[in-house]
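Here is protein-v8.cif, consisting of mmCIF, C-alpha atoms:
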```
data_query
loop_
_atom_site.label_atom_id
_atom_site.label_comp_id
_atom_site.auth_asym_id
_atom_site.auth_seq_id
_atom_site.Cartn_x
_atom_site.Cartn_y
_atom_site.Cartn_z
CA MET A 7 0.00 0.00 0.00
CA THR A 8 1.20 3.51 -0.81
CA SER A 9 -0.92 5.16 1.83
CA GLY A 10 1.37 8.18 1.89
CA LEU A 11 1.06 9.03 -1.80
CA GLN A 12 -1.06 11.87 -3.13
CA TRP A 13 -2.54 10.73 -6.43
CA ARG A 14 -3.56 12.94 -9.32
CA VAL A 15 -5.94 11.43 -11.90
CA ILE A 16 -5.69 12.94 -15.39
CA ARG A 17 -8.47 11.98 -17.78
CA ASP A 18 -7.13 12.82 -21.20
CA GLY A 19 -8.83 12.60 -24.57
CA PRO A 20 -7.53 10.86 -27.67
CA CYS A 21 -4.10 12.07 -28.81
CA ALA A 22 -1.62 11.15 -31.54
CA GLY A 23 1.00 8.54 -30.70
CA PRO A 24 4.03 10.85 -30.34
CA HIS A 25 2.07 13.16 -28.04
CA ASN A 26 0.83 10.27 -25.93
CA MET A 27 4.33 8.83 -25.47
CA ALA A 28 5.81 12.26 -24.77
CA LEU A 29 3.19 12.95 -22.09
CA ASP A 30 3.76 9.60 -20.35
CA HIS A 31 7.53 10.09 -20.42
CA ALA A 32 7.24 13.71 -19.25
CA LEU A 33 5.12 12.70 -16.26
CA ALA A 34 7.96 10.36 -15.23
CA VAL A 35 10.69 12.95 -15.80
CA CYS A 36 8.76 15.50 -13.71
CA SER A 37 7.75 13.02 -11.00
CA GLN A 38 7.92 14.28 -7.41
CA GLN A 39 8.47 12.40 -4.18
CA GLY A 40 5.25 11.59 -2.36
CA GLN A 41 3.10 11.94 -5.47
CA GLY A 42 1.59 9.52 -7.95
CA VAL A 43 -0.15 10.16 -11.26
CA LEU A 44 -2.73 8.07 -13.09
CA ARG A 45 -3.37 9.14 -16.68
CA LEU A 46 -6.19 7.58 -18.74
CA TYR A 47 -6.19 8.23 -22.47
CA SER A 48 -6.78 6.91 -25.97
CA TRP A 49 -5.45 7.34 -29.52
CA ILE A 50 -6.65 9.51 -32.41
CA GLU A 51 -5.42 7.10 -35.07
CA ALA A 52 -4.83 3.38 -34.93
CA THR A 53 -1.15 3.23 -33.96
CA VAL A 54 1.43 0.50 -33.65
CA SER A 55 3.79 1.15 -30.75
CA PHE A 56 7.13 -0.62 -30.54
CA GLY A 57 9.00 -1.44 -27.36
CA ARG A 58 12.02 0.73 -26.71
CA ASN A 59 14.48 -1.90 -27.87
CA GLU A 60 12.31 -3.95 -30.18
CA PRO A 61 13.61 -4.56 -33.71
CA ALA A 62 11.17 -2.97 -36.19
CA ARG A 63 13.14 -1.40 -39.04
CA GLY A 64 12.46 -3.23 -42.30
CA LEU A 65 9.95 -5.59 -40.68
CA TYR A 66 6.73 -3.63 -41.34
CA ASP A 67 4.93 -2.84 -44.62
CA ARG A 68 4.72 0.91 -44.10
CA THR A 69 2.91 1.54 -47.40
CA ASN A 70 0.18 -0.89 -46.43
CA ALA A 71 0.00 0.76 -42.99
CA ALA A 72 -0.31 4.22 -44.52
CA ASP A 73 -3.09 3.00 -46.82
CA GLN A 74 -5.01 1.83 -43.75
CA GLY A 75 -4.30 4.97 -41.76
CA ILE A 76 -2.10 3.21 -39.23
CA GLU A 77 0.65 5.24 -37.58
CA PHE A 78 3.83 4.10 -35.81
CA VAL A 79 5.51 5.28 -32.66
CA ARG A 80 8.21 3.89 -30.36
CA ARG A 81 7.54 3.79 -26.65
CA PRO A 82 9.94 4.82 -23.90
CA THR A 83 9.16 1.50 -22.18
CA GLY A 84 10.18 -2.07 -22.84
CA GLY A 85 8.19 -4.94 -24.26
CA ARG A 86 6.90 -5.69 -27.72
CA ALA A 87 4.58 -4.31 -30.42
CA VAL A 88 0.99 -3.31 -29.63
CA LEU A 89 -1.70 -2.13 -32.04
CA HIS A 90 -3.56 0.63 -30.21
CA SER A 91 -7.07 1.10 -31.49
CA ASN A 92 -10.19 0.39 -29.49
CA GLU A 93 -8.74 0.42 -26.00
CA ILE A 94 -8.38 2.38 -22.80
CA THR A 95 -4.75 3.20 -22.13
CA TYR A 96 -3.42 3.88 -18.67
CA ALA A 97 -0.17 5.38 -17.44
CA ILE A 98 0.92 5.35 -13.81
CA VAL A 99 3.91 7.28 -12.49
CA VAL A 100 5.19 6.73 -8.95
CA PRO A 101 8.47 7.22 -7.09
CA VAL A 102 10.46 4.10 -7.87
CA ARG A 103 10.52 2.76 -4.31
CA ALA A 104 6.93 3.70 -3.44
CA LEU A 105 5.55 0.32 -4.46
CA GLY A 106 8.70 -1.66 -3.65
CA GLY A 107 10.67 -1.51 -6.93
CA PRO A 108 9.86 -2.31 -10.57
CA ARG A 109 8.78 -5.94 -10.20
CA ALA A 110 6.75 -5.38 -7.04
CA SER A 111 5.15 -2.32 -8.68
CA TYR A 112 4.18 -4.37 -11.71
CA ILE A 113 2.37 -6.85 -9.50
CA GLU A 114 0.68 -4.19 -7.32
CA ILE A 115 -0.52 -2.08 -10.24
CA ASN A 116 -1.83 -5.11 -12.08
CA ARG A 117 -3.57 -6.24 -8.92
CA GLY A 118 -5.32 -2.87 -8.77
CA LEU A 119 -6.30 -3.03 -12.44
CA ALA A 120 -7.55 -6.59 -12.02
CA GLU A 121 -9.65 -5.66 -9.01
CA GLY A 122 -11.17 -2.78 -10.95
CA LEU A 123 -11.95 -4.90 -13.99
CA SER A 124 -13.40 -7.64 -11.82
CA SER A 125 -15.67 -5.09 -10.15
CA ILE A 126 -17.35 -4.37 -13.49
CA GLY A 127 -17.89 -8.04 -14.19
CA ALA A 128 -14.79 -9.08 -16.15
CA ALA A 129 -13.56 -12.44 -14.87
CA VAL A 130 -9.86 -11.63 -14.97
CA THR A 131 -6.94 -13.23 -13.17
CA VAL A 132 -3.32 -12.22 -12.66
CA THR A 133 -1.17 -14.95 -14.09
CA ASP A 134 1.60 -16.45 -12.02
CA HIS A 135 3.24 -18.17 -14.96
CA GLY A 136 4.57 -17.15 -18.35
CA GLU A 137 7.69 -16.79 -20.38
CA THR A 138 10.71 -14.49 -20.26
CA LEU A 139 10.49 -13.00 -23.74
CA SER A 140 13.12 -10.89 -25.48
CA PRO A 141 12.19 -7.68 -27.35
CA ASN A 142 12.22 -9.53 -30.70
CA ALA A 143 9.85 -12.29 -29.61
CA GLY A 144 6.80 -11.03 -31.53
CA ALA A 145 3.69 -9.08 -30.56
CA CYS A 146 3.00 -8.01 -26.98
CA PHE A 147 -0.34 -9.76 -26.80
CA GLY A 148 1.12 -13.00 -28.14
CA ALA A 149 1.98 -14.46 -24.76
CA PRO A 150 1.49 -13.42 -21.14
CA ALA A 151 4.42 -12.84 -18.81
CA PRO A 152 4.14 -13.50 -15.06
CA GLY A 153 1.99 -10.92 -13.28
CA GLU A 154 -0.12 -10.00 -16.31
CA ILE A 155 -3.91 -9.75 -16.47
CA ILE A 156 -5.57 -12.52 -18.42
CA VAL A 157 -8.99 -13.96 -19.19
CA GLY A 158 -8.66 -17.71 -19.57
CA GLU A 159 -5.21 -17.96 -21.16
CA LYS A 160 -5.48 -14.75 -23.19
CA LYS A 161 -4.05 -11.39 -22.23
CA LEU A 162 -6.53 -8.59 -21.65
CA VAL A 163 -4.03 -5.95 -20.53
CA GLY A 164 -0.52 -5.47 -21.96
CA SER A 165 1.82 -3.31 -19.88
CA ALA A 166 5.42 -2.13 -19.83
CA GLN A 167 7.69 -0.02 -17.61
CA LEU A 168 10.38 2.64 -17.67
CA ARG A 169 12.55 3.64 -14.75
CA VAL A 170 13.90 7.15 -15.13
CA GLY A 171 15.85 8.64 -12.24
CA ASP A 172 13.77 8.16 -9.11
CA ALA A 173 10.51 7.62 -11.00
CA LEU A 174 8.76 4.58 -12.41
CA LEU A 175 6.37 4.74 -15.35
CA GLN A 176 4.09 1.84 -16.13
CA HIS A 177 1.67 2.16 -18.99
CA GLY A 178 -0.50 -0.31 -20.81
CA SER A 179 -3.51 -1.14 -22.95
CA ILE A 180 -6.84 -2.46 -21.75
CA ILE A 181 -8.37 -3.93 -24.89
CA ILE A 182 -12.02 -3.09 -25.47
CA ASP A 183 -12.50 -4.66 -28.87
CA GLY A 184 -10.67 -5.92 -31.93
CA ASP A 185 -7.69 -8.15 -32.32
CA GLN A 186 -4.04 -7.62 -33.12
CA SER A 187 -4.20 -9.38 -36.49
CA LEU A 188 -3.29 -6.19 -38.39
CA LEU A 189 0.16 -6.54 -36.86
CA ASN A 190 0.48 -9.88 -38.61
CA GLN A 191 -0.74 -8.37 -41.85
CA LEU A 192 1.84 -5.58 -41.63
CA THR A 193 4.69 -7.95 -40.84
CA GLY A 194 3.59 -10.69 -43.23
CA LYS A 195 3.56 -13.23 -40.41
CA LEU A 196 0.08 -14.52 -41.13
CA HIS A 197 0.53 -17.94 -39.59
CA ASP A 198 0.48 -16.89 -35.96
CA ILE A 199 -2.32 -14.37 -35.52
CA VAL A 200 -2.56 -12.92 -32.02
CA ARG A 201 -6.03 -12.61 -30.55
CA PRO A 202 -6.08 -11.08 -27.08
CA ALA A 203 -9.04 -11.21 -24.76
CA THR A 204 -11.33 -8.17 -25.09
CA LEU A 205 -13.73 -6.50 -22.73
CA ARG A 206 -16.37 -6.76 -25.46
CA SER A 207 -16.05 -10.55 -25.54
CA VAL A 208 -16.16 -10.74 -21.75
CA LEU A 209 -18.82 -8.15 -20.94
CA GLY A 210 -20.84 -7.81 -24.12
CA VAL A 211 -21.70 -4.14 -23.96
CA VAL A 212 -18.80 -1.96 -22.77
CA HIS A 213 -19.32 1.49 -21.33
CA GLN A 214 -15.94 3.23 -21.33
CA ASP A 215 -16.82 5.50 -18.42
CA GLN A 216 -17.76 2.45 -16.38
CA VAL A 217 -14.43 0.80 -17.20
CA LYS A 218 -12.51 3.94 -16.22
CA PHE A 219 -14.47 4.22 -12.99
CA GLY A 220 -13.75 0.57 -12.17
CA VAL A 221 -10.03 0.93 -12.95
CA ILE A 222 -9.66 4.04 -10.80
CA ASP A 223 -11.59 2.44 -7.97
CA GLY A 224 -9.53 -0.76 -8.09
CA LEU A 225 -6.26 1.14 -8.08
CA LYS A 226 -7.43 3.35 -5.22
CA HIS A 227 -8.30 0.32 -3.16
CA VAL A 228 -5.08 -1.59 -3.80
CA LEU A 229 -2.57 1.29 -3.88
CA GLY A 230 -4.11 3.45 -1.16
CA GLY A 231 -3.23 7.11 -0.58
CA SER A 232 -5.37 10.16 -1.33
CA TRP A 233 -6.81 10.64 -4.80
CA GLU A 234 -8.15 13.62 -6.70
CA GLU A 235 -8.83 14.61 -10.29
CA GLY A 236 -6.26 16.95 -11.82
CA GLU A 237 -4.55 18.33 -14.90
CA TYR A 238 -1.02 18.49 -16.30
CA LEU A 239 1.36 20.91 -14.64
CA SER A 240 3.03 23.49 -16.84
CA GLY A 241 6.42 21.84 -16.39
CA GLU A 242 4.98 18.53 -17.53
CA ARG A 243 3.48 20.12 -20.65
CA ASN A 244 6.77 21.83 -21.46
CA GLU A 245 8.76 18.61 -21.04
CA ALA A 246 6.23 16.70 -23.13
CA GLY A 247 6.58 19.27 -25.89
CA ARG A 248 10.34 18.93 -25.85
CA LEU A 249 10.24 15.14 -25.87
CA GLU A 250 7.68 15.05 -28.67
CA ARG A 251 9.75 17.39 -30.85
CA GLN A 252 13.12 15.84 -30.13
CA ARG A 253 12.24 12.17 -29.86
CA TYR A 254 8.75 10.78 -30.33
CA SER A 255 7.87 12.56 -33.58
CA GLN A 256 11.24 11.68 -35.10
CA ALA A 257 11.43 8.81 -37.61
CA GLY A 258 14.98 8.25 -36.39
CA TRP A 259 13.59 7.28 -32.99
CA THR A 260 10.63 5.24 -34.24
CA TRP A 261 12.78 3.22 -36.61
CA ARG A 262 15.97 3.20 -34.55
CA ARG A 263 16.17 -0.60 -34.63
CA MET B 6 20.38 -11.18 0.66
CA SER B 7 22.28 -9.31 -2.05
CA ASP B 8 25.98 -9.87 -2.67
CA ILE B 9 27.97 -6.66 -2.04
CA PRO B 10 31.72 -7.29 -2.55
CA SER B 11 33.83 -5.22 -0.19
CA ASP B 12 36.47 -4.25 -2.77
CA LEU B 13 34.10 -2.43 -5.15
CA LEU B 14 32.68 1.08 -5.23
CA TYR B 15 29.00 1.83 -5.78
CA THR B 16 26.47 4.50 -6.74
CA GLU B 17 23.05 5.16 -5.29
CA GLU B 18 21.69 4.25 -8.72
CA HIS B 19 23.09 0.71 -8.26
CA GLU B 20 26.05 0.74 -10.63
CA TYR B 21 29.41 -0.56 -9.43
CA LEU B 22 33.02 0.22 -10.29
CA ARG B 23 35.51 -2.65 -10.14
CA PRO B 24 39.26 -2.02 -10.58
CA SER B 25 40.94 -3.81 -13.48
CA SER B 26 44.57 -4.86 -13.60
CA GLU B 27 45.37 -1.68 -15.54
CA GLU B 28 45.98 1.64 -13.83
CA GLY B 29 42.96 3.94 -14.01
CA ILE B 30 40.77 1.40 -15.82
CA PHE B 31 37.57 0.11 -14.17
CA PHE B 32 34.79 -2.30 -15.02
CA VAL B 33 31.27 -0.88 -14.70
CA GLY B 34 28.09 -2.89 -14.26
CA ILE B 35 24.97 -3.09 -12.12
CA THR B 36 24.87 -4.61 -8.66
CA ASP B 37 23.47 -7.93 -7.58
CA TYR B 38 20.70 -6.02 -5.81
CA ALA B 39 19.80 -4.16 -9.01
CA GLN B 40 19.65 -7.26 -11.17
CA GLY B 41 17.46 -8.93 -8.56
CA GLU B 42 15.09 -5.97 -8.59
CA LEU B 43 14.89 -5.95 -12.38
CA GLY B 44 14.41 -9.66 -12.93
CA ASP B 45 15.41 -11.53 -16.08
CA VAL B 46 17.46 -9.21 -18.29
CA VAL B 47 16.57 -9.55 -21.98
CA TYR B 48 18.46 -6.71 -23.68
CA ILE B 49 21.26 -4.26 -22.96
CA GLU B 50 22.07 -1.22 -25.06
CA LEU B 51 25.67 -0.09 -24.65
CA PRO B 52 27.58 2.84 -26.18
CA ASP B 53 30.33 2.73 -28.77
CA THR B 54 33.88 2.64 -27.50
CA GLY B 55 35.78 5.90 -27.52
CA ILE B 56 32.85 7.93 -26.18
CA SER B 57 33.36 9.94 -23.01
CA PHE B 58 30.62 10.32 -20.43
CA SER B 59 30.44 12.68 -17.52
CA LYS B 60 29.40 11.57 -14.06
CA MET B 61 25.74 10.47 -13.90
CA GLU B 62 25.30 10.77 -17.66
CA VAL B 63 23.20 7.98 -19.19
CA PHE B 64 25.50 5.57 -21.04
CA GLY B 65 22.96 2.91 -21.99
CA THR B 66 19.74 1.13 -21.13
CA ILE B 67 18.87 -2.25 -19.73
CA GLU B 68 15.60 -4.07 -20.38
CA ALA B 69 14.22 -6.80 -18.16
CA VAL B 70 11.09 -8.57 -19.42
CA LYS B 71 9.12 -5.32 -19.76
CA ALA B 72 11.02 -2.79 -17.71
CA VAL B 73 13.58 -0.43 -19.22
CA SER B 74 16.04 1.40 -16.97
CA ASP B 75 18.67 3.95 -17.82
CA LEU B 76 22.28 3.10 -16.95
CA TYR B 77 24.19 5.93 -15.28
CA ASN B 78 27.91 6.45 -15.58
CA PRO B 79 29.37 6.43 -12.03
CA ILE B 80 32.32 8.69 -12.78
CA SER B 81 33.62 10.79 -15.68
CA GLY B 82 35.67 8.86 -18.19
CA GLU B 83 36.04 7.28 -21.61
CA VAL B 84 34.56 3.94 -22.63
CA ILE B 85 37.47 1.85 -23.90
CA GLU B 86 35.68 -1.50 -24.21
CA ILE B 87 32.16 -2.88 -24.03
CA ASN B 88 31.16 -6.41 -23.08
CA ILE B 89 30.00 -7.82 -26.42
CA ALA B 90 29.13 -11.14 -24.74
CA LEU B 91 26.01 -9.42 -23.41
CA ASP B 92 24.66 -9.17 -26.98
CA ASP B 93 24.30 -12.92 -27.13
CA ASP B 94 23.62 -13.57 -23.47
CA PRO B 95 22.25 -10.60 -21.50
CA SER B 96 21.37 -12.98 -18.68
CA LEU B 97 25.05 -12.86 -17.65
CA VAL B 98 24.01 -9.72 -15.77
CA ASN B 99 21.71 -11.90 -13.67
CA SER B 100 24.00 -14.87 -13.22
CA ASP B 101 27.31 -13.07 -12.65
CA PRO B 102 26.79 -9.31 -12.27
CA TYR B 103 30.26 -8.57 -10.89
CA GLY B 104 32.12 -10.93 -13.22
CA GLU B 105 31.05 -11.91 -16.73
CA GLY B 106 28.09 -9.54 -16.50
CA TRP B 107 30.23 -6.37 -16.58
CA MET B 108 29.04 -3.78 -19.12
CA ILE B 109 31.76 -1.27 -19.97
CA LYS B 110 35.44 -0.69 -19.21
CA LEU B 111 36.02 2.92 -18.31
CA ARG B 112 39.25 4.95 -18.28
CA VAL B 113 38.44 7.43 -15.54
CA ASP B 114 39.38 11.07 -15.98
CA ASP B 115 40.31 11.76 -12.37
CA GLU B 116 40.73 9.02 -9.77
CA GLY B 117 40.14 11.65 -7.11
CA ASP B 118 36.47 11.48 -8.09
CA LEU B 119 36.33 7.93 -6.73
CA ASP B 120 36.09 9.38 -3.22
CA ALA B 121 32.53 10.49 -3.96
CA LEU B 122 31.33 6.91 -4.55
CA LEU B 123 29.91 4.60 -1.88
CA ASP B 124 31.90 1.83 -0.28
CA ALA B 125 30.26 -1.53 0.38
CA ASP B 126 29.04 -0.60 3.87
CA ARG B 127 27.44 2.63 2.72
CA TYR B 128 25.85 0.91 -0.27
CA GLU B 129 24.44 -1.76 2.01
CA ASP B 130 22.94 0.99 4.17
CA HIS B 131 21.51 2.57 1.03
CA ILE B 132 19.60 -0.52 -0.07
CA SER B 133 18.52 -1.69 3.36
#
```
Represent the structure contained in this file as C-alpha cells.
Amino acid sequence: MTSGLQWRVIRDGPCAGPHNMALDHALAVCSQQGQGVLRLYSWIEATVSFGRNEPARGLYDRTNAADQGIEFVRRPTGGRAVLHSNEITYAIVVPVRALGGPRASYIEINRGLAEGLSSIGAAVTVTDHGETLSPNAGACFGAPAPGEIIVGEKKLVGSAQLRVGDALLQHGSIIIDGDQSLLNQLTGKLHDIVRPATLRSVLGVVHQDQVKFGVIDGLKHVLGGSWEEGEYLSGERNEAGRLERQRYSQAGWTWRR
Amino acid sequence: MSDIPSDLLYTEEHEYLRPSSEEGIFFVGITDYAQGELGDVVYIELPDTGISFSKMEVFGTIEAVKAVSDLYNPISGEVIEINIALDDDPSLVNSDPYGEGWMIKLRVDDEGDLDALLDADRYEDHIS
C-alpha cells in the first residue's frame, strides 16, 4: 500500500502517438516524491507502438499501414509491439521505491487493475506463470508474462515499464474490442495471428466510463493514498513538448532498430 | 540477501566500479541487488567505445522482461571497451553481475572522483 502518496488522476482525450508517449515520459521525468499520477487516455489514429528496444526497421509494410491509416511510434518503455485502437490506455507514475521496486510495482498495479476490472464483471486473473520474452519475440499480446492480467489464457491488458531517475512509469492497454491481427498483416507473419481477450467478448456491452471508474476504484483500493482529479502541470506540458519534438515525432527514434 | 563485494565502489543508482589490472581502468556494471530488482534481463544497449561520459550521464539502457532502466555512468571517463558477450547472453548480468556480466570498461578522468562513490558498507545501508 502507498498510503502516503497523493494521487492525481488525469483523464485525457484521444491524442496522436508521439504526443501520448511524450506525455507519459514527461510525467515520469517530472515526478515528485510523495506523489503519484494516473493518466487515462486513448489514440486519435490506430497506432502501432514498438517497445524501446524492439527490432522494427524493415519488418513492417509501411505503405500498407499508410493506406489503412495506421501510424507508428516507439515507446519509452520495454516490451513488444501493440496495435492501439479500441482500448483504454493507462499510465501510472510513482516514485520508484513507493511500491517496492519495478517488479513489485508491476504486481501491485496489475492487482489494482484486475480488481477494478473484476468489479465491473470481467472475470480476470493475474497470471503467475509465463515466459521471459526478449524484445524480438513477436507481438506483446502474443503471450502473457508472469503478473499479467488474463482472461482464460489470453491477455486482456498489456503493460510495460520505464525507470527514469527516481521515477517509475508503467503504462498499458486495456483492450475493449478488436484483435491484433493487423500486426500480422503488416509484418507478413500470417501464420500466428494474435487474438487477445477483449472486454467486449467478456462483458458484451462496454461502457468506457464504467471501465474507467472501475479501474480508478480498483487502483485506489489496492494502492491506497489520497486521490483527486487533476490536470497536467506546466512543467509537464513543457517537457512533453520537448520530448515530442526531439524524440517521439522523429522517424529516427521510431525506426531506430 | 544481495551480494555486495567489499572491494568495489557503488552508486546510489546501483552501478558498481571494479578495478581492473590496468591503472585507471575500471569495469562498470549493475549490482546484484539491481539485477534482482529488475528480474530476467533480456536486452542491454551499450555505447560505442571511444565515447566519453560525464558523471551520472546515461551511457545505456537495460531491459528486463518489460522494464527499461537507464544506466548511469558512475564517474567521468572514456569507454574503452564494451562487453559484447552481453549481446548474445544478456542474462550474464543476472548470473554473474560482478564478473562476466560487466558492461563497460572505463578509463576514468580523475581518480580523485572515486572518493565520492559509496563503499560496500554505505551501499548496504543505502539498499537496506
Using the chain letters and residue numbers of this document, give as a list of chain:residue names the residues selected by the PyMOL selection byres ((chain A) within 8 of (chain B)). A:Arg58, A:Asn59, A:Pro82, A:Thr83, A:Gly84, A:Gly85, A:Gly107, A:Pro108, A:Arg109, A:Thr138, A:Leu139, A:Ser140, A:Pro141, A:Ala151, A:Ser165, A:Ala166, A:Gln167, A:Leu168, A:Arg169, A:Val170, A:Gly171
Show me, as a short mmCIF file (atom, residue, chain, number, x, y, z; two decimals) with C-alpha atoms, in the coordinates of the input, the residues that have an atom within 9 Å of segment 215-230 of chain A when counting all atoms listed in the file, minus same-chain residues fewer than 2 positions from it.
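Dumped everything to out.cif:
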```
data_model
loop_
_atom_site.label_atom_id
_atom_site.label_comp_id
_atom_site.auth_asym_id
_atom_site.auth_seq_id
_atom_site.Cartn_x
_atom_site.Cartn_y
_atom_site.Cartn_z
CA MET A 7 0.00 0.00 0.00
CA THR A 8 1.20 3.51 -0.81
CA SER A 9 -0.92 5.16 1.83
CA GLY A 10 1.37 8.18 1.89
CA LEU A 11 1.06 9.03 -1.80
CA TRP A 13 -2.54 10.73 -6.43
CA VAL A 15 -5.94 11.43 -11.90
CA LEU A 44 -2.73 8.07 -13.09
CA LEU A 46 -6.19 7.58 -18.74
CA ILE A 94 -8.38 2.38 -22.80
CA LEU A 105 5.55 0.32 -4.46
CA GLU A 114 0.68 -4.19 -7.32
CA ILE A 115 -0.52 -2.08 -10.24
CA ASN A 116 -1.83 -5.11 -12.08
CA ARG A 117 -3.57 -6.24 -8.92
CA GLY A 118 -5.32 -2.87 -8.77
CA LEU A 119 -6.30 -3.03 -12.44
CA ALA A 120 -7.55 -6.59 -12.02
CA GLU A 121 -9.65 -5.66 -9.01
CA GLY A 122 -11.17 -2.78 -10.95
CA LEU A 123 -11.95 -4.90 -13.99
CA SER A 124 -13.40 -7.64 -11.82
CA SER A 125 -15.67 -5.09 -10.15
CA ILE A 126 -17.35 -4.37 -13.49
CA VAL A 212 -18.80 -1.96 -22.77
CA HIS A 213 -19.32 1.49 -21.33
CA SER A 232 -5.37 10.16 -1.33
CA TRP A 233 -6.81 10.64 -4.80
#
```
To test your reading of the syntax: which residues would the PyMOL selection byres ((chain A and resi 35) around 9) return for the file shown? Reply as a PDB file with C-alpha atoms, in the coordinates of the input.
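Final file, out_10.pdb:
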```pdb
ATOM      1  CA  ASP A  30       3.760   9.600 -20.350  1.00  0.00           C
ATOM      2  CA  HIS A  31       7.530  10.090 -20.420  1.00  0.00           C
ATOM      3  CA  ALA A  32       7.240  13.710 -19.250  1.00  0.00           C
ATOM      4  CA  LEU A  33       5.120  12.700 -16.260  1.00  0.00           C
ATOM      5  CA  ALA A  34       7.960  10.360 -15.230  1.00  0.00           C
ATOM      6  CA  CYS A  36       8.760  15.500 -13.710  1.00  0.00           C
ATOM      7  CA  SER A  37       7.750  13.020 -11.000  1.00  0.00           C
ATOM      8  CA  GLN A  38       7.920  14.280  -7.410  1.00  0.00           C
ATOM      9  CA  VAL A 170      13.900   7.150 -15.130  1.00  0.00           C
ATOM     10  CA  GLY A 171      15.850   8.640 -12.240  1.00  0.00           C
ATOM     11  CA  ASP A 172      13.770   8.160  -9.110  1.00  0.00           C
ATOM     12  CA  ALA A 173      10.510   7.620 -11.000  1.00  0.00           C
ATOM     13  CA  GLU A 242       4.980  18.530 -17.530  1.00  0.00           C
ATOM     14  CA  GLU A 245       8.760  18.610 -21.040  1.00  0.00           C
TER      15      GLU A 245
END
```
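Take the PyMOL selection byres ((chain A and resi 254-258) around 9) and apply it to this file: it picks Gly23, Pro24, His25, Met27, Ala28, Val79, Arg80, Arg81, Pro82, Leu249, Glu250, Arg251, Gln252, Arg253, Trp259, Thr260, Trp261 and Arg262 of chain A.
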As an exercise, work out the distance from atom CA of Ile156 of chain A to atom CA of Arg45 of chain A in Å and give it to one decimal place. 21.8 Å
Could you name the residues that touch Ile9 of chain B at 9 Å or less, counting only C-alpha atoms, but leaving out those on the same chain fewer than 3 positions away, as a PyMOL selection string? chain B and resi 12-13+36-38+125-126+128-129
Which value, in Å to one decimal, gives the distance between atom CA of Ala22 of chain A and atom CA of Gly75 of chain A?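 Between atom CA of Ala22 of chain A and atom CA of Gly75 of chain A the gap works out to 12.2 Å.
Picture a line from atom CA of Ala128 of chain A to atom CA of Leu205 of chain A; it runs 7.1 Å.
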From the list A:His90, A:Arg103, A:Arg201, A:Arg17, the nearest residue to Ala52 of chain A using only C-alpha atoms is A:His90
Nearby residues (only C-alpha atoms) at most 8 Å from Ile30 of chain B, same-chain spacing under 4 positions excluded, as an MDAnalysis selection string: chainID B and resid 24:26 110:113
So which one's closest to Gly40 of chain A, A:Pro101, A:Gly241, A:Gly19, A:Asp73? Using only C-alpha atoms, please. A:Pro101
Cut-off 6 Å around (-5.9, 11.4, -28.8) with only C-alpha atoms: residues as a ChimeraX atom specification: /A:19-22,48-50
Near Leu51 of chain B, counting all atoms listed in the file, which residues have an atom at most 10 Å away, once you skip same-chain residues fewer than 2 positions from it, shown as a PDB file with C-alpha atoms, keeping the file's coordinate frame?
```pdb
ATOM      1  CA  TYR B  48      18.460  -6.710 -23.680  1.00  0.00           C
ATOM      2  CA  ILE B  49      21.260  -4.260 -22.960  1.00  0.00           C
ATOM      3  CA  ASP B  53      30.330   2.730 -28.770  1.00  0.00           C
ATOM      4  CA  THR B  54      33.880   2.640 -27.500  1.00  0.00           C
ATOM      5  CA  PHE B  64      25.500   5.570 -21.040  1.00  0.00           C
ATOM      6  CA  GLY B  65      22.960   2.910 -21.990  1.00  0.00           C
ATOM      7  CA  THR B  66      19.740   1.130 -21.130  1.00  0.00           C
ATOM      8  CA  ILE B  67      18.870  -2.250 -19.730  1.00  0.00           C
ATOM      9  CA  LEU B  76      22.280   3.100 -16.950  1.00  0.00           C
ATOM     10  CA  VAL B  84      34.560   3.940 -22.630  1.00  0.00           C
ATOM     11  CA  ILE B  87      32.160  -2.880 -24.030  1.00  0.00           C
ATOM     12  CA  ASN B  88      31.160  -6.410 -23.080  1.00  0.00           C
ATOM     13  CA  ILE B  89      30.000  -7.820 -26.420  1.00  0.00           C
ATOM     14  CA  LEU B  91      26.010  -9.420 -23.410  1.00  0.00           C
ATOM     15  CA  ASP B  92      24.660  -9.170 -26.980  1.00  0.00           C
ATOM     16  CA  MET B 108      29.040  -3.780 -19.120  1.00  0.00           C
ATOM     17  CA  ILE B 109      31.760  -1.270 -19.970  1.00  0.00           C
TER      18      ILE B 109
END
```
